[in-house]
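**Q** Have a look at this one.
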Amino acid sequence: MRAFLFVCCFAVAGAAFAADPTFEIIIRDHRFVPNEITIPAGQKAKLIVKNEDATPEEFDSKRLNRAKVIPGPSQATIDIGPLKPGEYPFVGQFNESTATGKIVVK
């Protein structure tokens with residue numbers, strides 16, 4: 001019985017410590033590449049935004065309730081979710097005419 005409880009507890013703990021899925025977006029020439037990513041619904045995720053430009057950019061999403069200035073060249077990690085299915089647009093606040101994208105949650 002003890003062995004069974006140990007195995008059950010270990011399996012639950014292992015699932016609890018599983019890493020959140022990670023997705024990457026690059027800022028290049030004042031654009032997001034890719035400008036659309038798909039993430040799973042109902043779970044947390046990490047978004048790594050790498051700014052390859054020499055100038056800063058602000059990742060801004062009202063729907064995600066996230067805003068982060070990313071100096072150039074550098075990167076930032078933005079925690080998101082868990083999210084319901086849908087589309088979550090984002091912009092580069094300093095270059096809104098070119099830096100646009102969306103996260104699709106399925």
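Going by the structure tokens order, chains are called A, B, ..., each with residues numbered from 1, while ligands are numbered from 1 in the order shown.
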Got a sec to tell me which of chain A DSSP assigns to strand (DSSP E), as a ChimeraX atom specification?
**A** /A:22-28,31-33,36-39,45-51,57-61,66-70,74-80,86-92,100-105
**Q** As a PDB file with C-alpha atoms, in the first residue's frame, please: the residues near segment 73-82 of chain A (cut-off 9 Å, only C-alpha atoms, same-chain neighbours under 6 positions excluded).
**A**
```pdb
ATOM      1  CA  ILE A  26      11.373  37.801 -32.790  1.00  0.00           C
ATOM      2  CA  PRO A  40      -3.078  25.486 -26.104  1.00  0.00           C
ATOM      3  CA  ALA A  41      -6.152  26.650 -24.197  1.00  0.00           C
ATOM      4  CA  GLY A  42      -6.419  26.263 -20.457  1.00  0.00           C
ATOM      5  CA  GLN A  43      -2.752  26.201 -19.528  1.00  0.00           C
ATOM      6  CA  LYS A  44      -0.017  28.663 -18.718  1.00  0.00           C
ATOM      7  CA  ALA A  45       2.634  29.453 -21.328  1.00  0.00           C
ATOM      8  CA  LYS A  46       5.847  31.436 -21.611  1.00  0.00           C
ATOM      9  CA  LEU A  47       6.350  33.855 -24.468  1.00  0.00           C
ATOM     10  CA  ILE A  48       9.970  34.735 -25.197  1.00  0.00           C
ATOM     11  CA  VAL A  49      10.199  37.958 -27.198  1.00  0.00           C
ATOM     12  CA  LYS A  50      13.628  38.570 -28.741  1.00  0.00           C
ATOM     13  CA  ASN A  51      14.296  42.073 -30.017  1.00  0.00           C
ATOM     14  CA  GLU A  52      16.924  41.940 -32.771  1.00  0.00           C
ATOM     15  CA  ASP A  53      16.473  45.622 -33.640  1.00  0.00           C
ATOM     16  CA  ALA A  54      18.832  48.281 -32.302  1.00  0.00           C
ATOM     17  CA  THR A  55      15.902  50.259 -30.870  1.00  0.00           C
ATOM     18  CA  PRO A  56      13.512  49.320 -28.047  1.00  0.00           C
ATOM     19  CA  LEU A  64      -3.693  39.745 -22.480  1.00  0.00           C
ATOM     20  CA  ARG A  66       0.474  42.635 -20.717  1.00  0.00           C
ATOM     21  CA  ALA A  67       2.916  45.378 -21.685  1.00  0.00           C
TER      22      ALA A  67
END
```
**Q** Can you pull out every residue within 8 Å of Val105 of chain A, counting only C-alpha atoms, but drop anything in the same chain fewer than 5 positions away, and send it as a list in words?
**A** Thr38, Ile39, Pro40, Ala41, Leu83, Lys84, Pro85, Gly86, Glu87 and Tyr88 of chain A
**Q** Counting only C-alpha atoms, what is within 7 Å of Ser61 of chain A, bar same-chain residues fewer than 6 positions away, as a ChimeraX atom specification?
**A** /A:67,89-91
**Q** Taking only C-alpha atoms into account, which of A:Glu36, A:Glu57, A:Phe23, A:Lys62 comes nearest Gly101 of chain A?
**A**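 Nearest candidate to Gly101 of chain A out of A:Glu36, A:Glu57, A:Phe23, A:Lys62: A:Glu36.
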